[in-house]
Amino acid sequence: MSSAGGGRGEPAGAALDGISMATHESLIESFQRAGQAQVFAFLDTLGPTERARLLAEAAEVDLAELDRLNRTLLNSKAAAGIDLTDLAPAPYEKRPEHGGDGGAWARAKAAGETALREGRVAAFTVAGGQGTRLGYDGPKGTFPVTPLRAKSLFQVFAEKIRAAGVRYGRPLHWFIMTSHANHEATVAFFAEHRHFGLDPARVHFFRQGRMPAVDFSGKILLETRGSLALSPDGHGGSLRALSRSGALDLMAREGIDTLSYFQVDNPLVRCIDPAFLGWHRLAGSEMSSKMVPKAYAEEKVGHFCRQRGRLVVVEYSDLPMAMQRETDGAGGLRYLAGSIAIHVLDREFVRRMAEGGEGVALPFHRADKKIPTIDAAGNPVKPDRPNGVKFELFVFDALPFARHPVVIETLRADDFSPVKNATGLDSPVTCRDDQLRQFARWLRAQGVALPADATGRPEVAVEVSPLFGYDEDSFAEAWRARRPQPEVREGLYLE
Ligand code: UTP
């Protein structure tokens with residue numbers, strides 16, 4: 001399934017060939033019955049290809065699901081606010097330097113390494129987002145991020161995954177979730193770069209599903225006369241897309257039971273982290289997460305909490321500011337554990353979530369957005385304020401369903417510096433600086449004197465290829481083995 005489709009969102013032409021006129025008519029009728037006849041208002045003005053596309057897109061829509069979302073998220077008063085009763089901070093495994101059990105961390109690392117040697121782990125990147133804030137033309141994973149070589153996000157991950165495969169003697173499979181909008185460009189980018197040295201048979205792309213956007217009265221919006229306003233169904237859509245695409249079956253055939261989940265925008269991520277994998281496996285966890293201590297009370301991250309025995313993530317926008325600022329007896333923040341969207345998932349847990357069943361389903365979230373559409377005469381409208389609603393699934397909403405979930409602490413500097421915005425916070429500049437700080441820390445730990453500013457950013461720009469060292473351990477081994485050791489100066493690239 002090196003380039004499989006992700007379910008309801010298959011290319012229009014192929015899906016339509018076998019659909020008869022009668023099917024078209026019953027599809028149109030079902031939309032009329034659901035009060036969504038506007039979707040076909042321009043049908044008679046369309047040519048055959050456009051018609052086919054519109055009908056195929058309409059066939060993707062689950063009208064019953066949409067009706068439920070309109071009733072619960074759009075029109076219901078209950079839609080406002082989430083349940084905060086019985087909420088408490090979630091426990092987490094502290095790092096040894098912060099008082100955690102060093103022996104337990106060592107055992108976890110060993111267990112993770114065993115799983116990697118046995119070939120039981122695959123990498124999984126969610127890369128289907130629209131990347132609106134960055135405003136970059138192209139799949140976000142193709143965005144250049146490293147300080148000297150301007151390697152793309154995809155190249156950084158590819159090299160980390162390749163290096164981990166060499167280290168543990170088992171090349172890893174890598175699953176990449178794309179969207180309808182960026183799938184072809186993503187696949188072409190990998191082909192153009194020869195999969196960055198990975199075996200193409202182990203790199204698997206699949207599309208995530210789509211959801212229609214609606215106006216504030218619940219009517220599906222058209223983007224053009226012949227297409228619906230469809231958008232990716234959120235990173236939580238990855239669970240059902242993994243199932244529909246056949247990725248879970250492929251994993252089962254290959255003896256892979258553990259997925260290392262990370263986002264496409266964070267080049268610092270330790271995407272193959274043996275200690276994290278080991279904590280997950282030793283606890284018998286179905287879904288595990290990394291936390292960082294919040295930098296300050298108002299930091300805009302999700303909070304790991306416990307609620308009636310279950311692990312939940314409460315977004316900053318849902319947690320009252322008074323709680324975000326609450327302190328514990330020692331003056332530290334009570335709700336300290338911030339989510340950075342790094343998880344480990346058990347394969348059969350993903351299947352259970354994807355298949356659903358009594359009470360097992362991710363909830364949709366509502367986001368009010370400016371959605372390009374058309375007016376009653378069919379002319380394009382580019383709204384300057386929100387004119388409708390998108391529905392999205394979030395992957396962390398699976399946590400309450402997971403058995404024995406584990407949250408472990410990580411250091412932000414080792415795992416998290418996303419590229420979200422074009423400028424300012426979490427931008428290409430802050431990410432580049434964080435990479436430089438990381439390379440400098442690794443060098444300093446090996447006794448290299450490297451002048452730096454007060455934030456640890458070195459005065460000279462250097463870059464370490466993941467193929468040389470992709471975390472502190474692998475870097476240390478490679479550096480000690482390197483003879484002669486290079487002079488650390490501006491422009492040094494270690495590979
Ligand atoms: P973000 O929440 O940063 O969203 O996604 P985004 O769409 O990439 O960017 P903006 O908000 O439009 O600026 C976090 C991660 O989840 C993935 C993204 O690709 C990114 O890796 N994601 C998000 C998906 O794979 N699918 C989605 O539907 C949404």
# chains A, B, ... in the order shown; residues from 1 in each chain; ligands from 1

$ residues_around --residues "Val39 (chain A)" --least-positions-apart "5" --cutoff "10 Å" --atoms "only C-alpha atoms" --output "list in words"
Ile28, Phe31, Gln32, Leu54, Leu55, Ala58, Lys219, Ile220, Leu221, Leu222, Arg225, Gly226, Ser227 and Leu228 of chain A

$ residues_near_ligand --ligand "ligand 1" --cutoff "9 Å" --atoms "only C-alpha atoms and all ligand atoms" --output "number ranges by chain"
A: 125-135, 139-141, 176-179, 208-210, 231-238, 262-266, 341, 392-395, 418-421

$ atom_distance --atom1 "CA of Thr373 (chain A)" --atom2 "CA of Asp137 (chain A)"
20.7 Å

$ closest_residue --among "A:Arg120, A:Arg432, A:His303, A:Arg482" --to "Pro171 (chain A)" --atoms "only C-alpha atoms"
A:Arg120

$ select_by_dssp --residues "region 44-183 of chain A" --states "strand (DSSP E or B)" --output "PyMOL selection string"
chain A and resi 87-89+93+121-126+144+152+174-178

$ residues_around --residues "Cys431 (chain A)" --least-positions-apart "3" --cutoff "8 Å" --atoms "only C-alpha atoms" --output "PDB file with C-alpha atoms, in the first residue's frame"
ATOM      1  CA  VAL A 145      14.141  23.870   8.260  1.00  0.00           C
ATOM      2  CA  SER A 417      10.126  23.149  18.491  1.00  0.00           C
ATOM      3  CA  PRO A 418       7.329  23.255  15.939  1.00  0.00           C
ATOM      4  CA  VAL A 419       7.088  25.448  12.867  1.00  0.00           C
ATOM      5  CA  ASP A 426       7.017  28.756  16.769  1.00  0.00           C
ATOM      6  CA  SER A 427       8.318  30.042  13.453  1.00  0.00           C
ATOM      7  CA  PRO A 428      11.182  28.983  11.142  1.00  0.00           C
ATOM      8  CA  ASP A 434      16.390  25.571  18.832  1.00  0.00           C
ATOM      9  CA  GLN A 435      18.158  23.173  16.456  1.00  0.00           C
TER      10      GLN A 435
END

$ atom_distance --atom1 "CA of Ser20 (chain A)" --atom2 "CA of Leu63 (chain A)"
20.2 Å

$ select_by_dssp --residues "region 33-275 of chain A" --states "helix (DSSP H, G or I)" --output "short mmCIF file (atom, residue, chain, number, x, y, z; two decimals) with N, CA, C and O atoms, in the first residue's frame"
data_model
loop_
_atom_site.label_atom_id
_atom_site.label_comp_id
_atom_site.auth_asym_id
_atom_site.auth_seq_id
_atom_site.Cartn_x
_atom_site.Cartn_y
_atom_site.Cartn_z
N ARG A 33 -33.81 15.09 1.19
CA ARG A 33 -34.48 14.70 2.44
C ARG A 33 -33.77 15.29 3.65
O ARG A 33 -34.38 15.63 4.65
N ALA A 37 -30.40 20.20 -0.25
CA ALA A 37 -30.57 20.22 -1.71
C ALA A 37 -29.71 21.29 -2.39
O ALA A 37 -29.38 21.16 -3.57
N GLN A 38 -29.31 22.32 -1.62
CA GLN A 38 -28.49 23.40 -2.20
C GLN A 38 -27.20 22.88 -2.83
O GLN A 38 -26.62 23.52 -3.71
N VAL A 39 -26.74 21.72 -2.37
CA VAL A 39 -25.50 21.14 -2.88
C VAL A 39 -25.58 20.93 -4.40
O VAL A 39 -24.59 21.03 -5.13
N PHE A 40 -26.80 20.65 -4.88
CA PHE A 40 -26.96 20.36 -6.32
C PHE A 40 -27.61 21.51 -7.08
O PHE A 40 -28.10 21.32 -8.19
N LEU A 43 -26.18 21.81 -10.52
CA LEU A 43 -25.87 20.55 -11.20
C LEU A 43 -26.12 20.62 -12.71
O LEU A 43 -25.30 20.17 -13.51
N ASP A 44 -27.25 21.24 -13.08
CA ASP A 44 -27.60 21.27 -14.50
C ASP A 44 -26.65 22.12 -15.33
O ASP A 44 -26.62 22.00 -16.56
N THR A 45 -25.89 22.98 -14.69
CA THR A 45 -24.98 23.85 -15.44
C THR A 45 -23.60 23.22 -15.60
O THR A 45 -22.73 23.80 -16.24
N PRO A 48 -19.88 17.04 -17.80
CA PRO A 48 -19.86 15.67 -17.26
C PRO A 48 -18.79 15.44 -16.19
O PRO A 48 -19.04 14.81 -15.17
N THR A 49 -17.59 15.99 -16.39
CA THR A 49 -16.52 15.74 -15.41
C THR A 49 -16.83 16.41 -14.08
O THR A 49 -16.68 15.83 -13.01
N GLU A 50 -17.29 17.67 -14.18
CA GLU A 50 -17.63 18.40 -12.95
C GLU A 50 -18.78 17.74 -12.20
O GLU A 50 -18.77 17.66 -10.97
N ARG A 51 -19.75 17.30 -12.99
CA ARG A 51 -20.90 16.59 -12.39
C ARG A 51 -20.43 15.37 -11.61
O ARG A 51 -20.81 15.13 -10.47
N ALA A 52 -19.58 14.62 -12.29
CA ALA A 52 -19.09 13.37 -11.70
C ALA A 52 -18.36 13.67 -10.40
O ALA A 52 -18.52 12.98 -9.39
N ARG A 53 -17.57 14.74 -10.42
CA ARG A 53 -16.79 15.09 -9.23
C ARG A 53 -17.72 15.47 -8.08
O ARG A 53 -17.55 15.03 -6.94
N LEU A 54 -18.71 16.30 -8.40
CA LEU A 54 -19.62 16.74 -7.34
C LEU A 54 -20.35 15.55 -6.73
O LEU A 54 -20.49 15.44 -5.51
N LEU A 55 -20.81 14.67 -7.59
CA LEU A 55 -21.55 13.51 -7.08
C LEU A 55 -20.64 12.61 -6.24
O LEU A 55 -21.06 12.08 -5.21
N ALA A 56 -19.40 12.48 -6.68
CA ALA A 56 -18.47 11.64 -5.90
C ALA A 56 -18.20 12.28 -4.54
O ALA A 56 -18.14 11.60 -3.52
N GLU A 57 -18.05 13.60 -4.53
CA GLU A 57 -17.81 14.27 -3.25
C GLU A 57 -19.04 14.13 -2.34
O GLU A 57 -18.91 13.90 -1.14
N ALA A 58 -20.20 14.26 -2.93
CA ALA A 58 -21.43 14.13 -2.13
C ALA A 58 -21.52 12.72 -1.54
O ALA A 58 -21.94 12.54 -0.39
N ALA A 59 -21.08 11.75 -2.33
CA ALA A 59 -21.15 10.36 -1.85
C ALA A 59 -20.23 10.13 -0.64
O ALA A 59 -20.42 9.20 0.13
N GLU A 60 -19.22 11.01 -0.50
CA GLU A 60 -18.32 10.91 0.66
C GLU A 60 -18.99 11.33 1.96
O GLU A 60 -18.53 10.99 3.05
N LEU A 63 -24.38 11.76 5.82
CA LEU A 63 -25.44 12.73 6.17
C LEU A 63 -25.95 12.55 7.59
O LEU A 63 -26.27 13.53 8.27
N ALA A 64 -25.99 11.32 8.04
CA ALA A 64 -26.48 11.07 9.42
C ALA A 64 -25.50 11.67 10.43
O ALA A 64 -25.89 12.31 11.41
N GLU A 65 -24.20 11.47 10.16
CA GLU A 65 -23.18 12.04 11.06
C GLU A 65 -23.27 13.56 11.06
O GLU A 65 -23.22 14.22 12.11
N LEU A 66 -23.43 14.14 9.87
CA LEU A 66 -23.50 15.59 9.76
C LEU A 66 -24.73 16.13 10.50
O LEU A 66 -24.66 17.15 11.20
N ASP A 67 -25.82 15.43 10.37
CA ASP A 67 -27.04 15.85 11.06
C ASP A 67 -26.82 15.85 12.58
O ASP A 67 -27.19 16.77 13.29
N ARG A 68 -26.14 14.81 13.05
CA ARG A 68 -25.85 14.73 14.48
C ARG A 68 -24.95 15.89 14.91
O ARG A 68 -25.17 16.53 15.94
N LEU A 69 -23.95 16.21 14.09
CA LEU A 69 -23.04 17.31 14.44
C LEU A 69 -23.77 18.64 14.42
O LEU A 69 -23.54 19.51 15.27
N ASN A 70 -24.66 18.80 13.45
CA ASN A 70 -25.43 20.05 13.40
C ASN A 70 -26.28 20.19 14.66
O ASN A 70 -26.41 21.27 15.22
N ARG A 71 -26.85 19.06 15.11
CA ARG A 71 -27.71 19.14 16.30
C ARG A 71 -26.89 19.35 17.57
O ARG A 71 -27.27 20.13 18.42
N THR A 72 -25.73 18.68 17.67
CA THR A 72 -24.99 18.74 18.93
C THR A 72 -24.02 19.92 18.99
O THR A 72 -23.93 20.60 20.02
N LEU A 73 -23.29 20.17 17.91
CA LEU A 73 -22.25 21.19 17.99
C LEU A 73 -22.69 22.55 17.48
O LEU A 73 -22.16 23.58 17.87
N LEU A 74 -23.66 22.54 16.57
CA LEU A 74 -24.03 23.81 15.94
C LEU A 74 -25.19 24.47 16.67
O LEU A 74 -25.14 25.65 16.99
N LYS A 77 -27.20 24.29 22.96
CA LYS A 77 -26.56 25.16 23.97
C LYS A 77 -25.44 24.40 24.67
O LYS A 77 -24.44 24.96 25.08
N ALA A 78 -25.63 23.08 24.78
CA ALA A 78 -24.65 22.26 25.48
C ALA A 78 -23.30 22.27 24.76
O ALA A 78 -22.29 21.88 25.32
N ALA A 79 -23.31 22.75 23.50
CA ALA A 79 -22.06 22.76 22.76
C ALA A 79 -21.01 23.64 23.44
O ALA A 79 -19.82 23.42 23.31
N PRO A 96 14.66 11.42 35.41
CA PRO A 96 15.52 11.17 36.57
C PRO A 96 16.08 12.46 37.17
O PRO A 96 16.12 12.60 38.40
N GLU A 97 16.47 13.41 36.32
CA GLU A 97 17.07 14.64 36.87
C GLU A 97 16.04 15.52 37.59
O GLU A 97 16.39 16.45 38.27
N HIS A 98 14.76 15.17 37.45
CA HIS A 98 13.72 15.91 38.18
C HIS A 98 13.09 15.04 39.27
O HIS A 98 11.96 15.26 39.68
N GLY A 102 15.55 6.60 38.17
CA GLY A 102 16.55 6.35 37.11
C GLY A 102 16.55 4.90 36.65
O GLY A 102 16.69 4.62 35.45
N GLY A 103 16.37 3.99 37.60
CA GLY A 103 16.37 2.56 37.25
C GLY A 103 15.21 2.23 36.33
O GLY A 103 15.36 1.49 35.35
N ALA A 104 14.05 2.82 36.63
CA ALA A 104 12.87 2.55 35.80
C ALA A 104 13.07 3.11 34.39
O ALA A 104 12.68 2.48 33.40
N TRP A 105 13.71 4.28 34.29
CA TRP A 105 13.98 4.84 32.96
C TRP A 105 14.95 3.94 32.18
O TRP A 105 14.77 3.72 30.97
N ALA A 106 15.94 3.41 32.88
CA ALA A 106 16.90 2.53 32.20
C ALA A 106 16.20 1.26 31.72
O ALA A 106 16.44 0.78 30.60
N ARG A 107 15.32 0.71 32.55
CA ARG A 107 14.59 -0.50 32.14
C ARG A 107 13.69 -0.20 30.94
O ARG A 107 13.56 -0.99 30.01
N ALA A 108 13.07 1.00 30.96
CA ALA A 108 12.20 1.38 29.84
C ALA A 108 13.01 1.47 28.55
O ALA A 108 12.61 0.95 27.50
N LYS A 109 14.17 2.09 28.65
CA LYS A 109 15.00 2.25 27.44
C LYS A 109 15.39 0.88 26.88
O LYS A 109 15.30 0.65 25.67
N ALA A 110 15.76 -0.01 27.78
CA ALA A 110 16.16 -1.35 27.32
C ALA A 110 14.98 -2.07 26.66
O ALA A 110 15.14 -2.72 25.61
N ALA A 111 13.78 -1.90 27.23
CA ALA A 111 12.60 -2.56 26.65
C ALA A 111 12.29 -1.98 25.28
O ALA A 111 11.93 -2.71 24.34
N GLY A 112 12.43 -0.67 25.15
CA GLY A 112 12.19 -0.02 23.85
C GLY A 112 13.19 -0.50 22.81
O GLY A 112 12.84 -0.75 21.65
N GLU A 113 14.44 -0.63 23.25
CA GLU A 113 15.47 -1.09 22.30
C GLU A 113 15.19 -2.51 21.83
O GLU A 113 15.40 -2.84 20.66
N THR A 114 14.72 -3.33 22.76
CA THR A 114 14.38 -4.71 22.37
C THR A 114 13.27 -4.69 21.32
O THR A 114 13.35 -5.39 20.30
N ALA A 115 12.24 -3.88 21.54
CA ALA A 115 11.13 -3.81 20.58
C ALA A 115 11.63 -3.34 19.21
O ALA A 115 11.20 -3.84 18.17
N LEU A 116 12.57 -2.41 19.21
CA LEU A 116 13.11 -1.92 17.94
C LEU A 116 13.92 -3.02 17.25
O LEU A 116 13.81 -3.21 16.04
N ARG A 117 14.71 -3.74 18.03
CA ARG A 117 15.50 -4.84 17.43
C ARG A 117 14.59 -5.93 16.88
O ARG A 117 14.93 -6.60 15.91
N LYS A 140 3.52 20.84 4.02
CA LYS A 140 4.38 21.41 5.06
C LYS A 140 5.67 20.60 5.23
O LYS A 140 6.72 21.16 5.53
N GLY A 141 5.58 19.30 5.04
CA GLY A 141 6.76 18.46 5.21
C GLY A 141 7.89 18.78 4.24
O GLY A 141 9.04 18.40 4.46
N THR A 142 7.58 19.51 3.18
CA THR A 142 8.63 19.87 2.21
C THR A 142 9.29 21.20 2.58
O THR A 142 10.19 21.68 1.88
N LEU A 153 11.57 19.21 6.40
CA LEU A 153 11.07 18.44 7.55
C LEU A 153 11.06 16.96 7.23
O LEU A 153 11.52 16.13 8.02
N PHE A 154 10.55 16.60 6.03
CA PHE A 154 10.50 15.18 5.68
C PHE A 154 11.91 14.56 5.67
O PHE A 154 12.10 13.43 6.10
N GLN A 155 12.89 15.30 5.17
CA GLN A 155 14.25 14.74 5.12
C GLN A 155 14.79 14.49 6.53
O GLN A 155 15.43 13.47 6.79
N VAL A 156 14.52 15.44 7.44
CA VAL A 156 15.01 15.28 8.81
C VAL A 156 14.43 13.99 9.42
O VAL A 156 15.15 13.16 9.97
N PHE A 157 13.11 13.80 9.27
CA PHE A 157 12.49 12.59 9.84
C PHE A 157 13.04 11.34 9.14
O PHE A 157 13.32 10.32 9.78
N ALA A 158 13.14 11.43 7.81
CA ALA A 158 13.60 10.26 7.05
C ALA A 158 14.98 9.82 7.55
O ALA A 158 15.24 8.63 7.74
N GLU A 159 15.86 10.80 7.78
CA GLU A 159 17.22 10.45 8.20
C GLU A 159 17.23 9.91 9.64
O GLU A 159 18.01 9.01 9.96
N LYS A 160 16.37 10.45 10.48
CA LYS A 160 16.30 9.90 11.85
C LYS A 160 15.81 8.45 11.82
O LYS A 160 16.33 7.58 12.51
N ILE A 161 14.80 8.22 10.98
CA ILE A 161 14.22 6.87 10.91
C ILE A 161 15.23 5.89 10.30
O ILE A 161 15.38 4.76 10.75
N ARG A 162 15.95 6.39 9.29
CA ARG A 162 16.96 5.54 8.65
C ARG A 162 18.08 5.20 9.64
O ARG A 162 18.50 4.04 9.76
N ALA A 163 18.52 6.23 10.38
CA ALA A 163 19.62 6.00 11.33
C ALA A 163 19.18 5.05 12.44
O ALA A 163 19.96 4.17 12.87
N ALA A 164 17.94 5.18 12.91
CA ALA A 164 17.46 4.28 13.97
C ALA A 164 17.40 2.85 13.45
O ALA A 164 17.71 1.89 14.17
N GLY A 165 17.01 2.70 12.19
CA GLY A 165 16.95 1.36 11.58
C GLY A 165 18.32 0.70 11.56
O GLY A 165 18.47 -0.49 11.84
N VAL A 166 19.34 1.51 11.25
CA VAL A 166 20.71 0.99 11.23
C VAL A 166 21.14 0.63 12.65
O VAL A 166 21.67 -0.46 12.92
N ARG A 167 20.85 1.53 13.58
CA ARG A 167 21.29 1.33 14.96
C ARG A 167 20.72 0.04 15.56
O ARG A 167 21.41 -0.69 16.26
N TYR A 168 19.46 -0.24 15.25
CA TYR A 168 18.83 -1.41 15.87
C TYR A 168 18.77 -2.63 14.93
O TYR A 168 18.15 -3.64 15.24
N HIS A 183 -1.59 15.11 -1.20
CA HIS A 183 -1.11 13.73 -1.37
C HIS A 183 -0.14 13.58 -2.54
O HIS A 183 0.99 13.11 -2.37
N GLU A 184 -0.59 14.00 -3.72
CA GLU A 184 0.25 13.79 -4.92
C GLU A 184 1.59 14.51 -4.78
O GLU A 184 2.64 13.96 -5.09
N ALA A 185 1.53 15.76 -4.28
CA ALA A 185 2.77 16.54 -4.15
C ALA A 185 3.71 15.88 -3.14
O ALA A 185 4.94 15.90 -3.31
N THR A 186 3.15 15.28 -2.11
CA THR A 186 3.99 14.62 -1.09
C THR A 186 4.67 13.39 -1.68
O THR A 186 5.89 13.19 -1.54
N VAL A 187 3.89 12.58 -2.36
CA VAL A 187 4.44 11.36 -2.96
C VAL A 187 5.52 11.73 -3.98
O VAL A 187 6.60 11.11 -4.02
N ALA A 188 5.24 12.76 -4.78
CA ALA A 188 6.21 13.18 -5.80
C ALA A 188 7.50 13.68 -5.16
O ALA A 188 8.61 13.42 -5.66
N PHE A 189 7.39 14.38 -4.04
CA PHE A 189 8.57 14.92 -3.34
C PHE A 189 9.48 13.77 -2.88
O PHE A 189 10.69 13.83 -3.04
N PHE A 190 8.88 12.74 -2.34
CA PHE A 190 9.69 11.59 -1.90
C PHE A 190 10.35 10.91 -3.10
O PHE A 190 11.52 10.52 -3.03
N ALA A 191 9.59 10.77 -4.19
CA ALA A 191 10.17 10.11 -5.36
C ALA A 191 11.34 10.92 -5.90
O ALA A 191 12.42 10.38 -6.20
N GLU A 192 11.14 12.23 -5.95
CA GLU A 192 12.18 13.13 -6.48
C GLU A 192 13.46 13.01 -5.64
O GLU A 192 14.56 13.11 -6.15
N ARG A 194 14.40 10.35 -3.96
CA ARG A 194 14.71 8.92 -3.77
C ARG A 194 14.47 8.47 -2.34
O ARG A 194 15.26 7.75 -1.73
N HIS A 195 13.39 8.95 -1.80
CA HIS A 195 12.97 8.57 -0.44
C HIS A 195 14.07 8.78 0.59
O HIS A 195 14.11 8.11 1.62
N PHE A 196 14.98 9.70 0.29
CA PHE A 196 16.04 10.07 1.22
C PHE A 196 16.80 8.83 1.71
O PHE A 196 17.23 8.76 2.88
N GLY A 197 16.96 7.89 0.82
CA GLY A 197 17.77 6.72 1.17
C GLY A 197 16.98 5.61 1.87
O GLY A 197 17.54 4.56 2.18
N PRO A 200 11.79 2.44 -0.51
CA PRO A 200 10.44 2.93 -0.82
C PRO A 200 9.35 1.94 -0.42
O PRO A 200 8.22 2.34 -0.12
N ALA A 201 9.69 0.66 -0.37
CA ALA A 201 8.69 -0.34 0.01
C ALA A 201 8.30 -0.23 1.49
O ALA A 201 7.35 -0.86 1.93
N ARG A 202 9.07 0.54 2.23
CA ARG A 202 8.75 0.71 3.65
C ARG A 202 8.18 2.09 3.97
O ARG A 202 8.03 2.44 5.14
N GLY A 237 -8.50 12.09 12.70
CA GLY A 237 -8.94 11.28 11.56
C GLY A 237 -7.91 10.22 11.20
O GLY A 237 -8.18 9.30 10.43
N SER A 238 -6.70 10.37 11.78
CA SER A 238 -5.64 9.40 11.47
C SER A 238 -6.02 8.00 11.92
O SER A 238 -5.62 7.02 11.29
N LEU A 239 -6.79 7.88 13.00
CA LEU A 239 -7.09 6.53 13.50
C LEU A 239 -7.95 5.78 12.49
O LEU A 239 -7.66 4.65 12.12
N ARG A 240 -9.02 6.44 11.98
CA ARG A 240 -9.83 5.72 11.01
C ARG A 240 -9.12 5.58 9.66
O ARG A 240 -9.30 4.59 8.96
N ALA A 241 -8.28 6.56 9.32
CA ALA A 241 -7.55 6.45 8.05
C ALA A 241 -6.52 5.31 8.10
O ALA A 241 -6.29 4.64 7.10
N LEU A 242 -5.91 5.11 9.26
CA LEU A 242 -4.97 3.98 9.40
C LEU A 242 -5.68 2.66 9.15
O LEU A 242 -5.14 1.75 8.53
N SER A 243 -6.91 2.60 9.63
CA SER A 243 -7.66 1.37 9.45
C SER A 243 -8.13 1.21 8.00
O SER A 243 -7.84 0.20 7.36
N ARG A 244 -8.81 2.24 7.47
CA ARG A 244 -9.37 2.14 6.11
C ARG A 244 -8.32 1.91 5.04
O ARG A 244 -8.56 1.26 4.04
N ALA A 247 -3.37 0.14 6.49
CA ALA A 247 -2.08 0.25 7.20
C ALA A 247 -2.03 -0.69 8.41
O ALA A 247 -0.99 -1.31 8.67
N LEU A 248 -3.14 -0.84 9.12
CA LEU A 248 -3.12 -1.69 10.32
C LEU A 248 -2.90 -3.16 9.92
O LEU A 248 -2.18 -3.89 10.60
N ASP A 249 -3.53 -3.55 8.81
CA ASP A 249 -3.35 -4.94 8.35
C ASP A 249 -1.91 -5.16 7.92
O ASP A 249 -1.32 -6.21 8.19
N LEU A 250 -1.36 -4.17 7.24
CA LEU A 250 0.04 -4.29 6.82
C LEU A 250 0.94 -4.43 8.05
O LEU A 250 1.85 -5.26 8.10
N MET A 251 0.67 -3.62 9.07
CA MET A 251 1.46 -3.72 10.30
C MET A 251 1.37 -5.13 10.88
O MET A 251 2.37 -5.71 11.28
N ALA A 252 0.15 -5.65 10.91
CA ALA A 252 -0.04 -6.98 11.50
C ALA A 252 0.77 -8.02 10.73
O ALA A 252 1.44 -8.87 11.31
N ARG A 253 0.73 -7.91 9.40
CA ARG A 253 1.49 -8.88 8.57
C ARG A 253 2.98 -8.78 8.82
O ARG A 253 3.70 -9.75 8.77
N GLU A 254 3.43 -7.55 9.11
CA GLU A 254 4.88 -7.33 9.31
C GLU A 254 5.31 -7.54 10.76
O GLU A 254 6.47 -7.31 11.10
N PRO A 274 13.62 5.14 22.32
CA PRO A 274 13.48 3.84 22.98
C PRO A 274 12.88 3.94 24.38
O PRO A 274 12.07 3.07 24.75
N ALA A 275 13.25 4.96 25.16
CA ALA A 275 12.70 5.03 26.53
C ALA A 275 11.19 5.22 26.50
O ALA A 275 10.45 4.58 27.26
#

$ closest_residue --among "A:Asn379, A:Asn75, A:Ser288, A:Ser152" --to "Val407 (chain A)" --atoms "only C-alpha atoms"
A:Ser288

$ closest_residue --among "A:Ala181, A:Ala422, A:Ala361, A:Leu230" --to "Phe391 (chain A)" --atoms "only C-alpha atoms"
A:Leu230

$ residues_around --residues "region 93-95 of chain A" --least-positions-apart "3" --cutoff "6 Å" --atoms "only C-alpha atoms" --output "list in words"
His98, Gly100, Ile408 and Glu409 of chain A

$ write_last_selection --atoms "N, CA and C atoms" --output "PDB file, in the first residue's frame"
ATOM      1  N   HIS A  98      14.762  15.175  37.450  1.00  0.00           N
ATOM      2  CA  HIS A  98      13.718  15.909  38.178  1.00  0.00           C
ATOM      3  C   HIS A  98      13.095  15.042  39.268  1.00  0.00           C
ATOM      4  N   GLY A 100      12.703  11.581  39.073  1.00  0.00           N
ATOM      5  CA  GLY A 100      12.141  10.294  38.621  1.00  0.00           C
ATOM      6  C   GLY A 100      13.082   9.137  38.954  1.00  0.00           C
ATOM      7  N   ILE A 408       4.872  10.481  30.019  1.00  0.00           N
ATOM      8  CA  ILE A 408       6.249  10.645  30.507  1.00  0.00           C
ATOM      9  C   ILE A 408       6.717  12.074  30.239  1.00  0.00           C
ATOM     10  N   GLU A 409       7.604  12.506  31.108  1.00  0.00           N
ATOM     11  CA  GLU A 409       8.165  13.857  30.936  1.00  0.00           C
ATOM     12  C   GLU A 409       9.266  13.834  29.888  1.00  0.00           C
TER      13      GLU A 409
END

$ residues_around --residues "region 440-450 of chain A" --least-positions-apart "6" --cutoff "7 Å" --atoms "only C-alpha atoms" --output "ChimeraX atom specification"
/A:458,472,476

$ residues_around --residues "Ala478 (chain A)" --least-positions-apart "5" --cutoff "9 Å" --atoms "only C-alpha atoms" --output "VMD selection string"
chain A and resid 468 to 469 473

$ closest_residue --among "A:Lys151, A:Val488, A:Ser217, A:Ile256" --to "Phe175 (chain A)" --atoms "only C-alpha atoms"
A:Ile256
